[in-house]
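First up is the structure itself, then whatever we jot down about it.
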Amino acid sequence: MFESHRSAMVALAYRMLGDVGRAQDMVQEAWLRWRRREVPVDSPRAFLAKVVTRLCLNELGSARARREESRSDRLPEPVSLEDAGLAGVEAVDQLSMAILVVLERLTAAERATLLLHDVFDFSHDEIAGLVARSPAACRKLLERARQKVAAGRRLVAASPDEHQRLLEAFVRAASAGDVATLADLLAEDAVLITDGGPAGRALGRFRNLKQPLVGASRIAAFVTATAGSVAFEAEPRVLNGQPGLVLYRDDHPFAAILLHVADHKIRRVFFHADALRLAHLGPRRRP
């Protein structure tokens, strides 16, 4: 019974925490609680969603998690949905990096309310006890959360082929140091977010940005400068259900690049360089 709900619970915890390893830990703890239950459960899916959400909220309330959540450069962990057992979950597009970044900018209560109401069909009365709010306050939380994610959902529009084409063009221009071509691939108000982990990460002569970088010309200049100062091997991968690229040094993941593409332009560039959170991507898979 539990196993039939595992992937949905991991997807819920991953969207709450932005970290696959921690999400799997939460689901394992939920499994232990499922085994220890002493009364019959009418709806295993609802029971497990409540348990997983409560565990995630407790985790997000820890001092370490609060420090992580407060970082403006923090990105959700990139993941192969197939390797994580998430490829078959409902609404898999909601696991795209662009949507996860928007979710991560919500408060923990907003995130929980949105996911429980819109994904698991919980009522406001059911959610209220989990987030320590009144049902009326939950309605306001849901309204705010929906407003914040609406723009991100509208922009998820590119086909896989177009996404792949723009990713390849982005890499070619960056590798060639072609600032003008790279800037033309980007939307004027494009945003670059680099996450080197809590301690930061050096990229050749440069350190990762502590704040998002906005603007096509500024991003193009930064990307071409850093690309020219770092030696790596690149491997195409499907990450969060979309084309991505993993950069390797000495057969170990050094960074991962994901894009958000819409209206024929690159609108977001996500550069993951936190070595600890990339380790699960494993060694190179092809020569």
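Here, A, B, ... name the chains of the structure tokens in the order displayed, residue numbers run from 1 inside each chain, and ligands are numbered from 1 in the same displayed order.
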
* What residues in stretch 21-241 of chain A get the DSSP label strand (DSSP E)? Please answer as JSON, numbers by chain. -> {"A": [186, 187, 188, 189, 190, 191, 192, 193, 194, 195, 202, 203, 206, 207, 213, 214, 233, 234, 235, 236, 237, 238, 239]}

Output of the above residues as a tab-separated table (two decimals), in the first residue's frame, restricted to C-alpha atoms:
```
chain	number	residue	atom	x	y	z
A	186	LEU	CA	18.55	35.89	-23.83
A	187	ALA	CA	15.44	37.88	-23.03
A	188	GLU	CA	16.23	41.49	-22.15
A	189	ASP	CA	15.10	40.92	-18.56
A	190	ALA	CA	16.70	37.47	-18.25
A	191	VAL	CA	17.96	36.40	-14.83
A	192	LEU	CA	21.03	34.31	-13.95
A	193	ILE	CA	21.19	32.58	-10.56
A	194	THR	CA	24.37	30.78	-9.51
A	195	ASP	CA	24.42	28.57	-6.41
A	202	ALA	CA	35.29	29.66	-7.25
A	203	LEU	CA	34.74	29.43	-11.02
A	206	PHE	CA	35.54	34.27	-10.54
A	207	ARG	CA	33.44	33.44	-7.52
A	213	LEU	CA	22.25	38.88	-12.18
A	214	VAL	CA	19.63	40.61	-14.34
A	233	GLU	CA	33.88	18.10	-19.85
A	234	ALA	CA	30.20	18.54	-20.65
A	235	GLU	CA	27.50	15.88	-20.76
A	236	PRO	CA	23.89	16.48	-21.86
A	237	ARG	CA	21.37	15.22	-19.29
A	238	VAL	CA	17.62	15.45	-18.78
A	239	LEU	CA	17.22	17.23	-15.44
```

* To do: Skip stretch 20-34 of chain A itself and residues of its chain fewer than 2 positions away, then list as a VMD selection string all residues within 7 Å of it, counting only C-alpha atoms.
  => chain A and resid 9 to 10 13 to 14 17 to 18 36 to 37 48 51 to 52 55 to 56 77

* To do: For each of A:Ala112, A:Thr226, A:Ile219, A:Phe2, take the minimum atom-to-atom distance to A:Asp184, counting only C-alpha atoms, then give the residue where this is smallest.
  => A:Ile219

* Please identify all polymer residues within 12 Å of A:Val269, counting only C-alpha atoms, omitting same-chain residues fewer than 2 positions from it, and present them as JSON, numbers by chain. => {"A": [75, 97, 98, 101, 166, 167, 170, 171, 182, 185, 186, 187, 189, 190, 191, 192, 193, 194, 195, 212, 213, 214, 215, 216, 219, 220, 222, 223, 244, 245, 256, 257, 258, 259, 260, 261, 265, 266, 267, 271, 272]}

Where does DSSP see helix (DSSP H, G or I) in stretch 73-264 of chain A, if you list the residues as a PDB file with N, CA and C atoms, in the first residue's frame?
```
ATOM      1  N   VAL A  92       4.153  16.263 -13.958  1.00  0.00           N
ATOM      2  CA  VAL A  92       5.614  16.236 -13.848  1.00  0.00           C
ATOM      3  C   VAL A  92       6.232  17.582 -14.236  1.00  0.00           C
ATOM      4  N   ASP A  93       5.516  18.392 -15.046  1.00  0.00           N
ATOM      5  CA  ASP A  93       6.031  19.709 -15.421  1.00  0.00           C
ATOM      6  C   ASP A  93       6.187  20.615 -14.202  1.00  0.00           C
ATOM      7  N   GLN A  94       5.476  20.307 -13.118  1.00  0.00           N
ATOM      8  CA  GLN A  94       5.589  21.114 -11.906  1.00  0.00           C
ATOM      9  C   GLN A  94       6.885  20.837 -11.147  1.00  0.00           C
ATOM     10  N   LEU A  95       7.698  19.912 -11.662  1.00  0.00           N
ATOM     11  CA  LEU A  95       9.013  19.654 -11.092  1.00  0.00           C
ATOM     12  C   LEU A  95      10.118  20.307 -11.907  1.00  0.00           C
ATOM     13  N   MET A  97      12.733  23.168 -13.043  1.00  0.00           N
ATOM     14  CA  MET A  97      13.523  24.033 -12.174  1.00  0.00           C
ATOM     15  C   MET A  97      12.873  25.401 -12.010  1.00  0.00           C
ATOM     16  N   ALA A  98      12.284  25.935 -13.077  1.00  0.00           N
ATOM     17  CA  ALA A  98      11.661  27.257 -12.987  1.00  0.00           C
ATOM     18  C   ALA A  98      10.539  27.275 -11.956  1.00  0.00           C
ATOM     19  N   ILE A  99       9.697  26.245 -11.957  1.00  0.00           N
ATOM     20  CA  ILE A  99       8.603  26.181 -10.990  1.00  0.00           C
ATOM     21  C   ILE A  99       9.145  25.959  -9.585  1.00  0.00           C
ATOM     22  N   LEU A 100      10.143  25.101  -9.441  1.00  0.00           N
ATOM     23  CA  LEU A 100      10.709  24.844  -8.116  1.00  0.00           C
ATOM     24  C   LEU A 100      11.338  26.096  -7.517  1.00  0.00           C
ATOM     25  N   VAL A 101      11.984  26.904  -8.360  1.00  0.00           N
ATOM     26  CA  VAL A 101      12.576  28.151  -7.870  1.00  0.00           C
ATOM     27  C   VAL A 101      11.479  29.077  -7.351  1.00  0.00           C
ATOM     28  N   VAL A 102      10.370  29.162  -8.073  1.00  0.00           N
ATOM     29  CA  VAL A 102       9.257  29.999  -7.613  1.00  0.00           C
ATOM     30  C   VAL A 102       8.715  29.469  -6.286  1.00  0.00           C
ATOM     31  N   LEU A 103       8.544  28.148  -6.182  1.00  0.00           N
ATOM     32  CA  LEU A 103       8.049  27.558  -4.940  1.00  0.00           C
ATOM     33  C   LEU A 103       8.997  27.861  -3.779  1.00  0.00           C
ATOM     34  N   GLU A 104      10.287  27.823  -4.050  1.00  0.00           N
ATOM     35  CA  GLU A 104      11.259  28.050  -2.981  1.00  0.00           C
ATOM     36  C   GLU A 104      11.222  29.479  -2.467  1.00  0.00           C
ATOM     37  N   ALA A 108       7.251  28.774   3.895  1.00  0.00           N
ATOM     38  CA  ALA A 108       6.960  27.359   4.088  1.00  0.00           C
ATOM     39  C   ALA A 108       5.451  27.116   4.180  1.00  0.00           C
ATOM     40  N   ALA A 109       4.731  28.008   4.868  1.00  0.00           N
ATOM     41  CA  ALA A 109       3.275  27.849   5.009  1.00  0.00           C
ATOM     42  C   ALA A 109       2.576  28.027   3.667  1.00  0.00           C
ATOM     43  N   GLU A 110       3.025  28.995   2.864  1.00  0.00           N
ATOM     44  CA  GLU A 110       2.434  29.187   1.532  1.00  0.00           C
ATOM     45  C   GLU A 110       2.671  27.959   0.659  1.00  0.00           C
ATOM     46  N   ARG A 111       3.879  27.440   0.717  1.00  0.00           N
ATOM     47  CA  ARG A 111       4.247  26.273  -0.090  1.00  0.00           C
ATOM     48  C   ARG A 111       3.373  25.082   0.283  1.00  0.00           C
ATOM     49  N   ALA A 112       3.255  24.826   1.578  1.00  0.00           N
ATOM     50  CA  ALA A 112       2.460  23.689   2.035  1.00  0.00           C
ATOM     51  C   ALA A 112       0.992  23.852   1.652  1.00  0.00           C
ATOM     52  N   THR A 113       0.459  25.040   1.844  1.00  0.00           N
ATOM     53  CA  THR A 113      -0.948  25.288   1.528  1.00  0.00           C
ATOM     54  C   THR A 113      -1.215  25.087   0.045  1.00  0.00           C
ATOM     55  N   LEU A 114      -0.366  25.618  -0.791  1.00  0.00           N
ATOM     56  CA  LEU A 114      -0.537  25.490  -2.239  1.00  0.00           C
ATOM     57  C   LEU A 114      -0.505  24.027  -2.668  1.00  0.00           C
ATOM     58  N   LEU A 115       0.495  23.288  -2.211  1.00  0.00           N
ATOM     59  CA  LEU A 115       0.649  21.901  -2.637  1.00  0.00           C
ATOM     60  C   LEU A 115      -0.479  21.027  -2.106  1.00  0.00           C
ATOM     61  N   LEU A 116      -0.827  21.190  -0.844  1.00  0.00           N
ATOM     62  CA  LEU A 116      -1.883  20.356  -0.279  1.00  0.00           C
ATOM     63  C   LEU A 116      -3.243  20.650  -0.908  1.00  0.00           C
ATOM     64  N   HIS A 117      -3.512  21.923  -1.184  1.00  0.00           N
ATOM     65  CA  HIS A 117      -4.819  22.282  -1.754  1.00  0.00           C
ATOM     66  C   HIS A 117      -4.889  21.940  -3.238  1.00  0.00           C
ATOM     67  N   ASP A 118      -3.885  22.352  -4.012  1.00  0.00           N
ATOM     68  CA  ASP A 118      -3.970  22.225  -5.466  1.00  0.00           C
ATOM     69  C   ASP A 118      -3.521  20.870  -5.993  1.00  0.00           C
ATOM     70  N   HIS A 124      -9.382  23.781   3.239  1.00  0.00           N
ATOM     71  CA  HIS A 124      -8.701  24.751   4.101  1.00  0.00           C
ATOM     72  C   HIS A 124      -8.783  24.323   5.573  1.00  0.00           C
ATOM     73  N   ASP A 125      -9.876  23.682   5.943  1.00  0.00           N
ATOM     74  CA  ASP A 125      -9.997  23.199   7.321  1.00  0.00           C
ATOM     75  C   ASP A 125      -8.934  22.137   7.617  1.00  0.00           C
ATOM     76  N   GLU A 126      -8.683  21.254   6.653  1.00  0.00           N
ATOM     77  CA  GLU A 126      -7.674  20.210   6.848  1.00  0.00           C
ATOM     78  C   GLU A 126      -6.268  20.794   6.909  1.00  0.00           C
ATOM     79  N   ILE A 127      -6.014  21.821   6.102  1.00  0.00           N
ATOM     80  CA  ILE A 127      -4.682  22.425   6.046  1.00  0.00           C
ATOM     81  C   ILE A 127      -4.393  23.255   7.284  1.00  0.00           C
ATOM     82  N   ALA A 128      -5.423  23.857   7.833  1.00  0.00           N
ATOM     83  CA  ALA A 128      -5.252  24.810   8.935  1.00  0.00           C
ATOM     84  C   ALA A 128      -4.432  24.247  10.088  1.00  0.00           C
ATOM     85  N   GLY A 129      -4.744  23.022  10.486  1.00  0.00           N
ATOM     86  CA  GLY A 129      -4.023  22.441  11.609  1.00  0.00           C
ATOM     87  C   GLY A 129      -2.565  22.176  11.310  1.00  0.00           C
ATOM     88  N   LEU A 130      -2.247  21.887  10.049  1.00  0.00           N
ATOM     89  CA  LEU A 130      -0.862  21.579   9.681  1.00  0.00           C
ATOM     90  C   LEU A 130       0.015  22.820   9.670  1.00  0.00           C
ATOM     91  N   VAL A 131      -0.533  23.943   9.236  1.00  0.00           N
ATOM     92  CA  VAL A 131       0.279  25.161   9.114  1.00  0.00           C
ATOM     93  C   VAL A 131       0.028  26.141  10.254  1.00  0.00           C
ATOM     94  N   PRO A 135      -8.617  28.573   8.982  1.00  0.00           N
ATOM     95  CA  PRO A 135      -9.027  28.320   7.596  1.00  0.00           C
ATOM     96  C   PRO A 135      -9.059  29.599   6.758  1.00  0.00           C
ATOM     97  N   ALA A 136      -9.505  30.708   7.344  1.00  0.00           N
ATOM     98  CA  ALA A 136      -9.536  31.975   6.606  1.00  0.00           C
ATOM     99  C   ALA A 136      -8.127  32.416   6.225  1.00  0.00           C
ATOM    100  N   ALA A 137      -7.178  32.251   7.142  1.00  0.00           N
ATOM    101  CA  ALA A 137      -5.792  32.614   6.850  1.00  0.00           C
ATOM    102  C   ALA A 137      -5.219  31.710   5.767  1.00  0.00           C
ATOM    103  N   CYS A 138      -5.632  30.444   5.758  1.00  0.00           N
ATOM    104  CA  CYS A 138      -5.161  29.519   4.721  1.00  0.00           C
ATOM    105  C   CYS A 138      -5.649  29.958   3.338  1.00  0.00           C
ATOM    106  N   ARG A 139      -6.869  30.475   3.268  1.00  0.00           N
ATOM    107  CA  ARG A 139      -7.370  30.976   1.992  1.00  0.00           C
ATOM    108  C   ARG A 139      -6.491  32.116   1.478  1.00  0.00           C
ATOM    109  N   LYS A 140      -6.071  32.985   2.398  1.00  0.00           N
ATOM    110  CA  LYS A 140      -5.204  34.101   2.002  1.00  0.00           C
ATOM    111  C   LYS A 140      -3.816  33.596   1.604  1.00  0.00           C
ATOM    112  N   LEU A 141      -3.307  32.597   2.322  1.00  0.00           N
ATOM    113  CA  LEU A 141      -2.024  31.999   1.967  1.00  0.00           C
ATOM    114  C   LEU A 141      -2.085  31.420   0.558  1.00  0.00           C
ATOM    115  N   LEU A 142      -3.171  30.714   0.266  1.00  0.00           N
ATOM    116  CA  LEU A 142      -3.325  30.096  -1.049  1.00  0.00           C
ATOM    117  C   LEU A 142      -3.395  31.154  -2.140  1.00  0.00           C
ATOM    118  N   GLU A 143      -4.144  32.216  -1.878  1.00  0.00           N
ATOM    119  CA  GLU A 143      -4.270  33.284  -2.866  1.00  0.00           C
ATOM    120  C   GLU A 143      -2.913  33.919  -3.168  1.00  0.00           C
ATOM    121  N   ARG A 144      -2.141  34.211  -2.111  1.00  0.00           N
ATOM    122  CA  ARG A 144      -0.819  34.804  -2.312  1.00  0.00           C
ATOM    123  C   ARG A 144       0.107  33.856  -3.062  1.00  0.00           C
ATOM    124  N   ALA A 145       0.073  32.582  -2.678  1.00  0.00           N
ATOM    125  CA  ALA A 145       0.948  31.604  -3.322  1.00  0.00           C
ATOM    126  C   ALA A 145       0.607  31.457  -4.797  1.00  0.00           C
ATOM    127  N   ARG A 146      -0.681  31.396  -5.117  1.00  0.00           N
ATOM    128  CA  ARG A 146      -1.079  31.268  -6.523  1.00  0.00           C
ATOM    129  C   ARG A 146      -0.644  32.476  -7.345  1.00  0.00           C
ATOM    130  N   GLN A 147      -0.759  33.648  -6.765  1.00  0.00           N
ATOM    131  CA  GLN A 147      -0.328  34.856  -7.476  1.00  0.00           C
ATOM    132  C   GLN A 147       1.168  34.819  -7.771  1.00  0.00           C
ATOM    133  N   LYS A 148       1.952  34.329  -6.812  1.00  0.00           N
ATOM    134  CA  LYS A 148       3.402  34.307  -6.973  1.00  0.00           C
ATOM    135  C   LYS A 148       3.862  33.287  -8.017  1.00  0.00           C
ATOM    136  N   VAL A 149       3.145  32.173  -8.120  1.00  0.00           N
ATOM    137  CA  VAL A 149       3.580  31.142  -9.070  1.00  0.00           C
ATOM    138  C   VAL A 149       2.927  31.295 -10.443  1.00  0.00           C
ATOM    139  N   ALA A 150       1.941  32.163 -10.553  1.00  0.00           N
ATOM    140  CA  ALA A 150       1.212  32.289 -11.822  1.00  0.00           C
ATOM    141  C   ALA A 150       2.139  32.651 -12.972  1.00  0.00           C
ATOM    142  N   ALA A 151       3.020  33.610 -12.758  1.00  0.00           N
ATOM    143  CA  ALA A 151       3.921  34.038 -13.839  1.00  0.00           C
ATOM    144  C   ALA A 151       4.826  32.898 -14.270  1.00  0.00           C
ATOM    145  N   GLY A 152       5.367  32.165 -13.318  1.00  0.00           N
ATOM    146  CA  GLY A 152       6.248  31.055 -13.654  1.00  0.00           C
ATOM    147  C   GLY A 152       5.541  29.984 -14.451  1.00  0.00           C
ATOM    148  N   ARG A 153       4.302  29.685 -14.090  1.00  0.00           N
ATOM    149  CA  ARG A 153       3.552  28.663 -14.821  1.00  0.00           C
ATOM    150  C   ARG A 153       3.211  29.127 -16.238  1.00  0.00           C
ATOM    151  N   ARG A 154       2.910  30.415 -16.395  1.00  0.00           N
ATOM    152  CA  ARG A 154       2.591  30.920 -17.744  1.00  0.00           C
ATOM    153  C   ARG A 154       3.788  30.803 -18.673  1.00  0.00           C
ATOM    154  N   LEU A 155       4.989  30.904 -18.109  1.00  0.00           N
ATOM    155  CA  LEU A 155       6.175  30.912 -18.952  1.00  0.00           C
ATOM    156  C   LEU A 155       6.664  29.530 -19.345  1.00  0.00           C
ATOM    157  N   PRO A 160      10.338  20.672 -26.028  1.00  0.00           N
ATOM    158  CA  PRO A 160      11.661  20.092 -25.742  1.00  0.00           C
ATOM    159  C   PRO A 160      12.683  20.383 -26.846  1.00  0.00           C
ATOM    160  N   ASP A 161      12.229  20.363 -28.118  1.00  0.00           N
ATOM    161  CA  ASP A 161      13.155  20.623 -29.230  1.00  0.00           C
ATOM    162  C   ASP A 161      13.691  22.050 -29.177  1.00  0.00           C
ATOM    163  N   GLU A 162      12.812  23.017 -28.914  1.00  0.00           N
ATOM    164  CA  GLU A 162      13.269  24.400 -28.836  1.00  0.00           C
ATOM    165  C   GLU A 162      14.170  24.596 -27.627  1.00  0.00           C
ATOM    166  N   HIS A 163      13.812  23.971 -26.533  1.00  0.00           N
ATOM    167  CA  HIS A 163      14.630  24.060 -25.325  1.00  0.00           C
ATOM    168  C   HIS A 163      16.037  23.527 -25.611  1.00  0.00           C
ATOM    169  N   GLN A 164      16.105  22.367 -26.267  1.00  0.00           N
ATOM    170  CA  GLN A 164      17.399  21.765 -26.593  1.00  0.00           C
ATOM    171  C   GLN A 164      18.186  22.651 -27.553  1.00  0.00           C
ATOM    172  N   ARG A 165      17.512  23.209 -28.550  1.00  0.00           N
ATOM    173  CA  ARG A 165      18.193  24.073 -29.527  1.00  0.00           C
ATOM    174  C   ARG A 165      18.810  25.294 -28.850  1.00  0.00           C
ATOM    175  N   LEU A 166      18.062  25.923 -27.962  1.00  0.00           N
ATOM    176  CA  LEU A 166      18.583  27.117 -27.299  1.00  0.00           C
ATOM    177  C   LEU A 166      19.689  26.771 -26.301  1.00  0.00           C
ATOM    178  N   LEU A 167      19.584  25.604 -25.657  1.00  0.00           N
ATOM    179  CA  LEU A 167      20.662  25.177 -24.763  1.00  0.00           C
ATOM    180  C   LEU A 167      21.957  24.967 -25.539  1.00  0.00           C
ATOM    181  N   GLU A 168      21.872  24.311 -26.671  1.00  0.00           N
ATOM    182  CA  GLU A 168      23.066  24.081 -27.490  1.00  0.00           C
ATOM    183  C   GLU A 168      23.645  25.389 -28.004  1.00  0.00           C
ATOM    184  N   ALA A 169      22.781  26.304 -28.422  1.00  0.00           N
ATOM    185  CA  ALA A 169      23.254  27.608 -28.907  1.00  0.00           C
ATOM    186  C   ALA A 169      23.899  28.399 -27.779  1.00  0.00           C
ATOM    187  N   PHE A 170      23.323  28.295 -26.579  1.00  0.00           N
ATOM    188  CA  PHE A 170      23.873  28.966 -25.400  1.00  0.00           C
ATOM    189  C   PHE A 170      25.289  28.464 -25.116  1.00  0.00           C
ATOM    190  N   VAL A 171      25.469  27.152 -25.153  1.00  0.00           N
ATOM    191  CA  VAL A 171      26.778  26.557 -24.864  1.00  0.00           C
ATOM    192  C   VAL A 171      27.792  26.941 -25.938  1.00  0.00           C
ATOM    193  N   ARG A 172      27.373  26.913 -27.200  1.00  0.00           N
ATOM    194  CA  ARG A 172      28.298  27.291 -28.285  1.00  0.00           C
ATOM    195  C   ARG A 172      28.771  28.726 -28.136  1.00  0.00           C
ATOM    196  N   ALA A 173      27.837  29.626 -27.886  1.00  0.00           N
ATOM    197  CA  ALA A 173      28.199  31.036 -27.767  1.00  0.00           C
ATOM    198  C   ALA A 173      29.076  31.278 -26.543  1.00  0.00           C
ATOM    199  N   ALA A 174      28.756  30.615 -25.436  1.00  0.00           N
ATOM    200  CA  ALA A 174      29.564  30.782 -24.225  1.00  0.00           C
ATOM    201  C   ALA A 174      30.968  30.250 -24.433  1.00  0.00           C
ATOM    202  N   SER A 175      31.082  29.091 -25.053  1.00  0.00           N
ATOM    203  CA  SER A 175      32.397  28.482 -25.278  1.00  0.00           C
ATOM    204  C   SER A 175      33.247  29.302 -26.235  1.00  0.00           C
ATOM    205  N   ALA A 176      32.590  29.942 -27.206  1.00  0.00           N
ATOM    206  CA  ALA A 176      33.311  30.746 -28.193  1.00  0.00           C
ATOM    207  C   ALA A 176      33.593  32.155 -27.704  1.00  0.00           C
ATOM    208  N   VAL A 179      29.877  37.200 -27.010  1.00  0.00           N
ATOM    209  CA  VAL A 179      28.966  37.932 -26.130  1.00  0.00           C
ATOM    210  C   VAL A 179      27.709  38.374 -26.862  1.00  0.00           C
ATOM    211  N   ALA A 180      27.867  38.878 -28.088  1.00  0.00           N
ATOM    212  CA  ALA A 180      26.722  39.409 -28.835  1.00  0.00           C
ATOM    213  C   ALA A 180      25.698  38.321 -29.139  1.00  0.00           C
ATOM    214  N   THR A 181      26.178  37.161 -29.609  1.00  0.00           N
ATOM    215  CA  THR A 181      25.258  36.072 -29.923  1.00  0.00           C
ATOM    216  C   THR A 181      24.567  35.563 -28.665  1.00  0.00           C
ATOM    217  N   LEU A 182      25.325  35.449 -27.589  1.00  0.00           N
ATOM    218  CA  LEU A 182      24.746  34.971 -26.341  1.00  0.00           C
ATOM    219  C   LEU A 182      23.680  35.939 -25.832  1.00  0.00           C
ATOM    220  N   ALA A 183      23.958  37.221 -25.896  1.00  0.00           N
ATOM    221  CA  ALA A 183      22.992  38.220 -25.442  1.00  0.00           C
ATOM    222  C   ALA A 183      21.712  38.150 -26.276  1.00  0.00           C
ATOM    223  N   ASP A 184      21.849  37.853 -27.562  1.00  0.00           N
ATOM    224  CA  ASP A 184      20.681  37.775 -28.435  1.00  0.00           C
ATOM    225  C   ASP A 184      19.799  36.571 -28.110  1.00  0.00           C
ATOM    226  N   LEU A 185      20.381  35.523 -27.525  1.00  0.00           N
ATOM    227  CA  LEU A 185      19.598  34.350 -27.136  1.00  0.00           C
ATOM    228  C   LEU A 185      18.766  34.605 -25.886  1.00  0.00           C
ATOM    229  N   ALA A 216      20.253  40.832 -20.219  1.00  0.00           N
ATOM    230  CA  ALA A 216      20.908  39.994 -21.222  1.00  0.00           C
ATOM    231  C   ALA A 216      22.385  40.329 -21.387  1.00  0.00           C
ATOM    232  N   SER A 217      22.716  41.598 -21.522  1.00  0.00           N
ATOM    233  CA  SER A 217      24.115  41.968 -21.778  1.00  0.00           C
ATOM    234  C   SER A 217      25.001  41.650 -20.585  1.00  0.00           C
ATOM    235  N   ARG A 218      24.518  41.883 -19.385  1.00  0.00           N
ATOM    236  CA  ARG A 218      25.316  41.599 -18.183  1.00  0.00           C
ATOM    237  C   ARG A 218      25.534  40.093 -18.027  1.00  0.00           C
ATOM    238  N   ILE A 219      24.486  39.312 -18.263  1.00  0.00           N
ATOM    239  CA  ILE A 219      24.620  37.857 -18.158  1.00  0.00           C
ATOM    240  C   ILE A 219      25.577  37.332 -19.214  1.00  0.00           C
ATOM    241  N   ALA A 220      25.437  37.806 -20.447  1.00  0.00           N
ATOM    242  CA  ALA A 220      26.307  37.338 -21.530  1.00  0.00           C
ATOM    243  C   ALA A 220      27.769  37.633 -21.222  1.00  0.00           C
ATOM    244  N   ALA A 221      28.044  38.810 -20.702  1.00  0.00           N
ATOM    245  CA  ALA A 221      29.428  39.171 -20.366  1.00  0.00           C
ATOM    246  C   ALA A 221      29.974  38.273 -19.261  1.00  0.00           C
ATOM    247  N   PHE A 222      29.173  38.027 -18.232  1.00  0.00           N
ATOM    248  CA  PHE A 222      29.628  37.200 -17.115  1.00  0.00           C
ATOM    249  C   PHE A 222      29.839  35.754 -17.548  1.00  0.00           C
ATOM    250  N   VAL A 223      28.884  35.198 -18.301  1.00  0.00           N
ATOM    251  CA  VAL A 223      28.961  33.799 -18.699  1.00  0.00           C
ATOM    252  C   VAL A 223      30.164  33.552 -19.604  1.00  0.00           C
ATOM    253  N   THR A 224      30.386  34.409 -20.587  1.00  0.00           N
ATOM    254  CA  THR A 224      31.522  34.195 -21.490  1.00  0.00           C
ATOM    255  C   THR A 224      32.849  34.347 -20.754  1.00  0.00           C
ATOM    256  N   ALA A 225      32.912  35.259 -19.798  1.00  0.00           N
ATOM    257  CA  ALA A 225      34.151  35.434 -19.030  1.00  0.00           C
ATOM    258  C   ALA A 225      34.444  34.205 -18.176  1.00  0.00           C
ATOM    259  N   THR A 226      33.418  33.676 -17.504  1.00  0.00           N
ATOM    260  CA  THR A 226      33.648  32.510 -16.642  1.00  0.00           C
ATOM    261  C   THR A 226      33.891  31.254 -17.469  1.00  0.00           C
ATOM    262  N   ALA A 227      33.199  31.107 -18.605  1.00  0.00           N
ATOM    263  CA  ALA A 227      33.384  29.921 -19.442  1.00  0.00           C
ATOM    264  C   ALA A 227      34.817  29.832 -19.940  1.00  0.00           C
TER     265      ALA A 227
END
```

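Put simply, atom CA of A:Pro253 is 8.7 Å away from atom CA of A:Ala273.
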
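Of the residues under consideration (A:Ala87, A:Val119, A:Met16, A:Ala275), A:Met16 shows the shortest atom-to-atom contact distance to A:Thr107 when counting only C-alpha atoms.
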
* Which residues come within 10 Å of A:Arg71, counting only C-alpha atoms, excluding same-chain residues fewer than 3 positions away, as a PyMOL selection string? -> chain A and resi 66-68+74-75+195+197-198+210-211

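Atom pair atom CA of A:Val89 / atom CA of A:Ser4: separated by 11.0 Å.
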